[in-house]
Amino acid sequence: MNAPTSKKLPILGFFGSPKLAACCLTRLLATFPVGMVVTQPDKSAGRGRVLGATEVAQVAERAKLPLYKPPALRHEASARALADGLKAHGVELIVVVAYGKLLPDEILQAPMLGCVNLHASILPKYRGAAPVQAALMAGERITGITVQKMKREMDAGDILATREIGIDPGWTAEHLAGEINRIAPAFLEETIEAYLSGGISPVPQDEREATFCSIIRKEDGAIDWNDEAARICNKVRAYNIWPVCYSYLDGKLVRFFAARIARGETENAHATPGQVVRLDKGEGIVTMAGDGLVGLLELQLENKKRLSHRDFVNGCRDLLGRRFSAQQQTS
């Protein structure tokens, strides 16, 4: 399937779900005709478990675009119905951004110009569902975004373009996702335009360099205070959007949104992992880890607001010497 050289803009079919995808769809709508949008089904969220549409669905509804929310594309009937929709709306090129489901062959082969995908890493590194979190967990200083031609294997298609993004040591997933949301829409648009004009020669990925990241589960946020301090800090950075790292304090859940490696060694020789050894205005709630100290900077006690460490200390008296536990203990 060769890249077209005609100046006529193809009709796009857009697949995506979260904010990154919504930002990209909004940008593409200013340039390309979009025939239809596909997103995840509505999901319940919050304390009231209110049913809500994805951010992509909200953009599509405002733009009055045909909108599909198939529950399971792995079912032959669902895939066939969607393929019929692509044909009915004249879709010539599919664009996928964080859709959240694998596309079956029937969908990948439907449009005449194929399918392109924006992935939040420099492929072939960090293929899979959570590249932003994987990069932060590994302590990477550079990551990026890739636009690839899609194939059946996950994130294994030929590369059309990449863009590097430097990671500040203090960044959390919120910061990195925000930077990707800012850069990706224009980058995706420019890459599609260059590809359609014949200005890009796709480059196959080197399978020897491929690495993978898996779907994150809620329980993955639990902190093991016997871990290295650097690993704990990277985990807090990586998971601060979801599932958010957590421990228990006197049987109550405490979430951690920001942390840093703290100074000090000899005065904590008798502290146990998870024990608060110092309350420091600059370094936070300094807590013992397996090989050093972690300064907790932003915390949230269950059913309370997210607070800075200073405000958390003011509302949680006698914190010094108490111990965060990986397991809920009521006695």
# chains A, B, ... in the order shown; residues from 1 in each chain; ligands from 1
$ residues_around --residues "A:Ala186" --least-positions-apart "3" --cutoff "10 Å" --atoms "only C-alpha atoms" --output "list of chain:residue names"
A:Cys23, A:Cys24, A:Arg27, A:Leu28, A:Asn181, A:Arg182, A:Ile183, A:Glu189, A:Glu190, A:Thr191, A:Ile192
$ residues_around --residues "stretch 202-218 of chain A" --least-positions-apart "6" --cutoff "7 Å" --atoms "only C-alpha atoms" --output "PyMOL selection string"
chain A and resi 124-131+134+156-160+243
$ residues_around --residues "A:Ala63" --least-positions-apart "4" --cutoff "9 Å" --atoms "only C-alpha atoms" --output "NGL selection string"
:A and (29 or 58-59)
$ atom_distance --atom1 "atom CA of A:Arg74" --atom2 "atom CA of A:Ser17"
17.7 Å
$ select_by_dssp --residues "stretch 41-185 of chain A" --states "helix (DSSP H, G or I)" --output "PDB file with N, CA and C atoms, in the first residue's frame"
ATOM      1  N   GLU A  55     -13.442  11.626  26.387  1.00  0.00           N
ATOM      2  CA  GLU A  55     -13.184  12.994  25.912  1.00  0.00           C
ATOM      3  C   GLU A  55     -13.264  13.074  24.394  1.00  0.00           C
ATOM      4  N   VAL A  56     -12.917  11.998  23.706  1.00  0.00           N
ATOM      5  CA  VAL A  56     -13.065  11.966  22.250  1.00  0.00           C
ATOM      6  C   VAL A  56     -14.539  12.017  21.864  1.00  0.00           C
ATOM      7  N   ALA A  57     -15.373  11.269  22.592  1.00  0.00           N
ATOM      8  CA  ALA A  57     -16.808  11.287  22.308  1.00  0.00           C
ATOM      9  C   ALA A  57     -17.373  12.696  22.458  1.00  0.00           C
ATOM     10  N   GLN A  58     -16.895  13.413  23.459  1.00  0.00           N
ATOM     11  CA  GLN A  58     -17.385  14.775  23.678  1.00  0.00           C
ATOM     12  C   GLN A  58     -17.019  15.696  22.519  1.00  0.00           C
ATOM     13  N   VAL A  59     -15.787  15.550  21.993  1.00  0.00           N
ATOM     14  CA  VAL A  59     -15.382  16.351  20.835  1.00  0.00           C
ATOM     15  C   VAL A  59     -16.235  15.997  19.628  1.00  0.00           C
ATOM     16  N   ALA A  60     -16.445  14.696  19.398  1.00  0.00           N
ATOM     17  CA  ALA A  60     -17.234  14.246  18.252  1.00  0.00           C
ATOM     18  C   ALA A  60     -18.676  14.735  18.333  1.00  0.00           C
ATOM     19  N   GLU A  61     -19.238  14.715  19.530  1.00  0.00           N
ATOM     20  CA  GLU A  61     -20.625  15.157  19.695  1.00  0.00           C
ATOM     21  C   GLU A  61     -20.759  16.646  19.437  1.00  0.00           C
ATOM     22  N   ARG A  62     -19.773  17.431  19.904  1.00  0.00           N
ATOM     23  CA  ARG A  62     -19.820  18.879  19.653  1.00  0.00           C
ATOM     24  C   ARG A  62     -19.696  19.182  18.161  1.00  0.00           C
ATOM     25  N   GLU A  76     -16.821 -10.977  15.929  1.00  0.00           N
ATOM     26  CA  GLU A  76     -16.913 -10.847  14.473  1.00  0.00           C
ATOM     27  C   GLU A  76     -18.036  -9.902  14.054  1.00  0.00           C
ATOM     28  N   ALA A  77     -19.170  -9.979  14.722  1.00  0.00           N
ATOM     29  CA  ALA A  77     -20.311  -9.134  14.354  1.00  0.00           C
ATOM     30  C   ALA A  77     -20.003  -7.656  14.575  1.00  0.00           C
ATOM     31  N   SER A  78     -19.333  -7.337  15.690  1.00  0.00           N
ATOM     32  CA  SER A  78     -18.979  -5.942  15.978  1.00  0.00           C
ATOM     33  C   SER A  78     -17.993  -5.408  14.954  1.00  0.00           C
ATOM     34  N   ALA A  79     -16.991  -6.216  14.619  1.00  0.00           N
ATOM     35  CA  ALA A  79     -15.992  -5.798  13.640  1.00  0.00           C
ATOM     36  C   ALA A  79     -16.634  -5.584  12.276  1.00  0.00           C
ATOM     37  N   ARG A  80     -17.549  -6.470  11.894  1.00  0.00           N
ATOM     38  CA  ARG A  80     -18.206  -6.351  10.600  1.00  0.00           C
ATOM     39  C   ARG A  80     -19.076  -5.089  10.543  1.00  0.00           C
ATOM     40  N   ALA A  81     -19.783  -4.817  11.639  1.00  0.00           N
ATOM     41  CA  ALA A  81     -20.641  -3.630  11.681  1.00  0.00           C
ATOM     42  C   ALA A  81     -19.806  -2.351  11.568  1.00  0.00           C
ATOM     43  N   LEU A  82     -18.650  -2.357  12.219  1.00  0.00           N
ATOM     44  CA  LEU A  82     -17.794  -1.184  12.153  1.00  0.00           C
ATOM     45  C   LEU A  82     -17.177  -1.031  10.759  1.00  0.00           C
ATOM     46  N   ALA A  83     -16.777  -2.141  10.170  1.00  0.00           N
ATOM     47  CA  ALA A  83     -16.241  -2.105   8.806  1.00  0.00           C
ATOM     48  C   ALA A  83     -17.292  -1.569   7.833  1.00  0.00           C
ATOM     49  N   ASP A  84     -18.547  -1.941   8.029  1.00  0.00           N
ATOM     50  CA  ASP A  84     -19.633  -1.421   7.205  1.00  0.00           C
ATOM     51  C   ASP A  84     -19.786   0.084   7.399  1.00  0.00           C
ATOM     52  N   GLY A  85     -19.596   0.546   8.656  1.00  0.00           N
ATOM     53  CA  GLY A  85     -19.668   1.975   8.930  1.00  0.00           C
ATOM     54  C   GLY A  85     -18.560   2.749   8.241  1.00  0.00           C
ATOM     55  N   LEU A  86     -17.359   2.190   8.248  1.00  0.00           N
ATOM     56  CA  LEU A  86     -16.232   2.836   7.563  1.00  0.00           C
ATOM     57  C   LEU A  86     -16.529   3.004   6.072  1.00  0.00           C
ATOM     58  N   LYS A  87     -17.097   1.966   5.492  1.00  0.00           N
ATOM     59  CA  LYS A  87     -17.437   2.018   4.068  1.00  0.00           C
ATOM     60  C   LYS A  87     -18.549   3.027   3.814  1.00  0.00           C
ATOM     61  N   ALA A  88     -19.557   3.022   4.656  1.00  0.00           N
ATOM     62  CA  ALA A  88     -20.700   3.909   4.473  1.00  0.00           C
ATOM     63  C   ALA A  88     -20.306   5.384   4.565  1.00  0.00           C
ATOM     64  N   ASP A 105      -8.135  -7.501  11.835  1.00  0.00           N
ATOM     65  CA  ASP A 105      -7.710  -7.383  10.443  1.00  0.00           C
ATOM     66  C   ASP A 105      -8.788  -6.757   9.562  1.00  0.00           C
ATOM     67  N   GLU A 106     -10.036  -7.083   9.821  1.00  0.00           N
ATOM     68  CA  GLU A 106     -11.130  -6.567   8.999  1.00  0.00           C
ATOM     69  C   GLU A 106     -11.168  -5.040   9.018  1.00  0.00           C
ATOM     70  N   ILE A 107     -10.793  -4.444  10.153  1.00  0.00           N
ATOM     71  CA  ILE A 107     -10.769  -2.981  10.252  1.00  0.00           C
ATOM     72  C   ILE A 107      -9.478  -2.428   9.665  1.00  0.00           C
ATOM     73  N   LEU A 108      -8.354  -3.054   9.982  1.00  0.00           N
ATOM     74  CA  LEU A 108      -7.066  -2.578   9.484  1.00  0.00           C
ATOM     75  C   LEU A 108      -7.016  -2.569   7.960  1.00  0.00           C
ATOM     76  N   PRO A 131       3.080   3.496  27.829  1.00  0.00           N
ATOM     77  CA  PRO A 131       4.451   3.944  27.553  1.00  0.00           C
ATOM     78  C   PRO A 131       4.903   5.126  28.399  1.00  0.00           C
ATOM     79  N   VAL A 132       4.000   6.030  28.738  1.00  0.00           N
ATOM     80  CA  VAL A 132       4.368   7.177  29.573  1.00  0.00           C
ATOM     81  C   VAL A 132       4.812   6.696  30.948  1.00  0.00           C
ATOM     82  N   GLN A 133       4.025   5.825  31.546  1.00  0.00           N
ATOM     83  CA  GLN A 133       4.352   5.301  32.868  1.00  0.00           C
ATOM     84  C   GLN A 133       5.626   4.459  32.826  1.00  0.00           C
ATOM     85  N   ALA A 134       5.796   3.678  31.770  1.00  0.00           N
ATOM     86  CA  ALA A 134       6.981   2.822  31.664  1.00  0.00           C
ATOM     87  C   ALA A 134       8.254   3.651  31.586  1.00  0.00           C
ATOM     88  N   ALA A 135       8.226   4.751  30.841  1.00  0.00           N
ATOM     89  CA  ALA A 135       9.404   5.611  30.724  1.00  0.00           C
ATOM     90  C   ALA A 135       9.777   6.227  32.070  1.00  0.00           C
ATOM     91  N   LEU A 136       8.781   6.670  32.828  1.00  0.00           N
ATOM     92  CA  LEU A 136       9.051   7.267  34.139  1.00  0.00           C
ATOM     93  C   LEU A 136       9.502   6.213  35.141  1.00  0.00           C
ATOM     94  N   MET A 137       8.902   5.044  35.103  1.00  0.00           N
ATOM     95  CA  MET A 137       9.318   3.970  36.007  1.00  0.00           C
ATOM     96  C   MET A 137      10.781   3.599  35.790  1.00  0.00           C
ATOM     97  N   ALA A 173       3.795  11.805  35.792  1.00  0.00           N
ATOM     98  CA  ALA A 173       3.008  11.447  34.615  1.00  0.00           C
ATOM     99  C   ALA A 173       2.126  12.602  34.167  1.00  0.00           C
ATOM    100  N   GLU A 174       1.650  13.407  35.104  1.00  0.00           N
ATOM    101  CA  GLU A 174       0.841  14.575  34.748  1.00  0.00           C
ATOM    102  C   GLU A 174       1.641  15.541  33.885  1.00  0.00           C
ATOM    103  N   HIS A 175       2.891  15.806  34.276  1.00  0.00           N
ATOM    104  CA  HIS A 175       3.724  16.723  33.508  1.00  0.00           C
ATOM    105  C   HIS A 175       4.033  16.166  32.121  1.00  0.00           C
ATOM    106  N   LEU A 176       4.462  14.904  32.069  1.00  0.00           N
ATOM    107  CA  LEU A 176       4.843  14.312  30.794  1.00  0.00           C
ATOM    108  C   LEU A 176       3.633  14.180  29.865  1.00  0.00           C
ATOM    109  N   ALA A 177       2.505  13.747  30.397  1.00  0.00           N
ATOM    110  CA  ALA A 177       1.298  13.653  29.576  1.00  0.00           C
ATOM    111  C   ALA A 177       0.892  15.024  29.052  1.00  0.00           C
ATOM    112  N   GLY A 178       1.034  16.054  29.881  1.00  0.00           N
ATOM    113  CA  GLY A 178       0.709  17.406  29.448  1.00  0.00           C
ATOM    114  C   GLY A 178       1.591  17.863  28.298  1.00  0.00           C
ATOM    115  N   GLU A 179       2.882  17.529  28.366  1.00  0.00           N
ATOM    116  CA  GLU A 179       3.803  17.903  27.293  1.00  0.00           C
ATOM    117  C   GLU A 179       3.473  17.136  26.013  1.00  0.00           C
ATOM    118  N   ILE A 180       3.139  15.864  26.125  1.00  0.00           N
ATOM    119  CA  ILE A 180       2.755  15.083  24.954  1.00  0.00           C
ATOM    120  C   ILE A 180       1.464  15.632  24.349  1.00  0.00           C
ATOM    121  N   ASN A 181       0.495  15.975  25.198  1.00  0.00           N
ATOM    122  CA  ASN A 181      -0.761  16.554  24.714  1.00  0.00           C
ATOM    123  C   ASN A 181      -0.520  17.860  23.959  1.00  0.00           C
ATOM    124  N   ARG A 182       0.489  18.599  24.386  1.00  0.00           N
ATOM    125  CA  ARG A 182       0.800  19.883  23.741  1.00  0.00           C
ATOM    126  C   ARG A 182       1.470  19.690  22.383  1.00  0.00           C
ATOM    127  N   ILE A 183       2.383  18.735  22.299  1.00  0.00           N
ATOM    128  CA  ILE A 183       3.199  18.561  21.097  1.00  0.00           C
ATOM    129  C   ILE A 183       2.529  17.674  20.052  1.00  0.00           C
ATOM    130  N   ALA A 184       1.839  16.638  20.489  1.00  0.00           N
ATOM    131  CA  ALA A 184       1.385  15.580  19.589  1.00  0.00           C
ATOM    132  C   ALA A 184       0.415  16.021  18.498  1.00  0.00           C
ATOM    133  N   PRO A 185      -0.590  16.867  18.770  1.00  0.00           N
ATOM    134  CA  PRO A 185      -1.566  17.174  17.712  1.00  0.00           C
ATOM    135  C   PRO A 185      -0.948  17.752  16.439  1.00  0.00           C
TER     136      PRO A 185
END
$ atom_distance --atom1 "atom CA of A:Asn226" --atom2 "atom CA of A:Leu249"
16.2 Å
$ closest_residue --among "A:Arg322, A:Lys252, A:Lys43, A:Lys235" --to "A:Val276" --atoms "only C-alpha atoms"
A:Arg322
$ closest_residue --among "A:Val50, A:Val37, A:Ile145, A:Val313" --to "A:Ile94" --atoms "only C-alpha atoms"
A:Val37
$ residues_around --residues "A:Glu298" --least-positions-apart "5" --cutoff "10 Å" --atoms "only C-alpha atoms" --output "ChimeraX atom specification"
/A:255-259,284-285,306-312
$ closest_residue --among "A:Gly100, A:Pro41, A:Gly52, A:Gly35" --to "A:Gly16" --atoms "only C-alpha atoms"
A:Gly100
$ atom_distance --atom1 "atom CA of A:Lys305" --atom2 "atom CA of A:Val236"
17.6 Å
$ closest_residue --among "A:Leu188, A:Ile167, A:Ala72, A:Gln40" --to "A:His119" --atoms "only C-alpha atoms"
A:Leu188
$ residues_around --residues "A:Ala229" --least-positions-apart "4" --cutoff "10 Å" --atoms "only C-alpha atoms" --output "ChimeraX atom specification"
/A:225,233-235,259-262,287-295
$ write_last_selection --atoms "N, CA and C atoms" --output "CSV table (one decimal), in the first residue's frame"
chain,number,residue,atom,x,y,z
A,225,TRP,N,7.8,-0.6,50.8
A,225,TRP,CA,8.8,0.3,51.4
A,225,TRP,C,10.2,-0.4,51.5
A,233,CYS,N,10.3,6.4,44.2
A,233,CYS,CA,10.1,7.8,43.7
A,233,CYS,C,9.6,7.7,42.2
A,234,ASN,N,10.3,6.9,41.5
A,234,ASN,CA,9.9,6.7,40.1
A,234,ASN,C,8.5,6.1,39.9
A,235,LYS,N,8.1,5.3,40.8
A,235,LYS,CA,6.8,4.7,40.8
A,235,LYS,C,5.7,5.7,41.1
A,259,ALA,N,7.0,12.7,45.0
A,259,ALA,CA,8.0,12.3,46.0
A,259,ALA,C,9.4,12.5,45.4
A,260,ARG,N,10.4,12.6,46.3
A,260,ARG,CA,11.7,12.8,45.8
A,260,ARG,C,12.7,12.0,46.7
A,261,ILE,N,13.9,11.7,46.3
A,261,ILE,CA,14.9,11.1,47.1
A,261,ILE,C,15.4,12.1,48.1
A,262,ALA,N,15.4,11.8,49.4
A,262,ALA,CA,15.8,12.7,50.4
A,262,ALA,C,17.2,12.4,51.0
A,287,THR,N,10.7,9.5,54.7
A,287,THR,CA,10.3,8.1,55.1
A,287,THR,C,11.4,7.1,54.7
A,288,MET,N,11.6,6.2,55.5
A,288,MET,CA,12.7,5.2,55.3
A,288,MET,C,12.2,4.2,54.2
A,289,ALA,N,13.2,4.0,53.2
A,289,ALA,CA,13.0,3.0,52.2
A,289,ALA,C,14.0,1.9,52.4
A,290,GLY,N,14.1,0.9,51.4
A,290,GLY,CA,15.0,-0.2,51.6
A,290,GLY,C,16.5,0.2,51.6
A,291,ASP,N,16.8,1.3,50.9
A,291,ASP,CA,18.3,1.6,50.8
A,291,ASP,C,18.5,3.1,51.1
A,292,GLY,N,17.5,3.8,51.5
A,292,GLY,CA,17.7,5.3,51.7
A,292,GLY,C,16.4,5.9,52.1
A,293,LEU,N,16.2,7.2,51.7
A,293,LEU,CA,15.1,7.9,52.2
A,293,LEU,C,14.2,8.5,51.1
A,294,VAL,N,12.9,8.5,51.3
A,294,VAL,CA,12.0,9.1,50.3
A,294,VAL,C,11.3,10.3,51.0
A,295,GLY,N,11.3,11.4,50.3
A,295,GLY,CA,10.6,12.6,50.7
A,295,GLY,C,9.2,12.7,50.1
$ select_by_dssp --residues "stretch 36-235 of chain A" --states "strand (DSSP E or B)" --output "MDAnalysis selection string"
chainID A and resid 36:38 43:45 50:52 67:68 93:97 115:119 127:128 142:149 159:166 203 212:213 222
$ closest_residue --among "A:Gln327, A:Thr39, A:Thr143, A:Thr54" --to "A:Ser247" --atoms "only C-alpha atoms"
A:Gln327
$ residues_around --residues "A:Tyr246" --least-positions-apart "3" --cutoff "7 Å" --atoms "only C-alpha atoms" --output "ChimeraX atom specification"
/A:221-223,253-256
$ write_last_selection --atoms "N, CA and C atoms" --output "PDB file, in the first residue's frame"
ATOM      1  N   GLY A 221      -0.299   0.055  42.268  1.00  0.00           N
ATOM      2  CA  GLY A 221       0.061   1.288  42.957  1.00  0.00           C
ATOM      3  C   GLY A 221       0.557   1.093  44.381  1.00  0.00           C
ATOM      4  N   ALA A 222       0.429  -0.104  44.935  1.00  0.00           N
ATOM      5  CA  ALA A 222       0.874  -0.354  46.313  1.00  0.00           C
ATOM      6  C   ALA A 222       2.384  -0.162  46.437  1.00  0.00           C
ATOM      7  N   ILE A 223       2.816   0.545  47.473  1.00  0.00           N
ATOM      8  CA  ILE A 223       4.238   0.796  47.713  1.00  0.00           C
ATOM      9  C   ILE A 223       4.810  -0.275  48.627  1.00  0.00           C
ATOM     10  N   LEU A 253      -6.116   4.555  54.179  1.00  0.00           N
ATOM     11  CA  LEU A 253      -5.421   4.656  52.902  1.00  0.00           C
ATOM     12  C   LEU A 253      -4.830   6.052  52.725  1.00  0.00           C
ATOM     13  N   VAL A 254      -3.571   6.110  52.294  1.00  0.00           N
ATOM     14  CA  VAL A 254      -2.914   7.383  51.965  1.00  0.00           C
ATOM     15  C   VAL A 254      -2.344   7.255  50.557  1.00  0.00           C
ATOM     16  N   ARG A 255      -2.706   8.200  49.691  1.00  0.00           N
ATOM     17  CA  ARG A 255      -2.178   8.214  48.325  1.00  0.00           C
ATOM     18  C   ARG A 255      -1.035   9.216  48.213  1.00  0.00           C
ATOM     19  N   PHE A 256      -0.090   8.892  47.331  1.00  0.00           N
ATOM     20  CA  PHE A 256       1.088   9.744  47.133  1.00  0.00           C
ATOM     21  C   PHE A 256       1.135  10.210  45.679  1.00  0.00           C
TER      22      PHE A 256
END
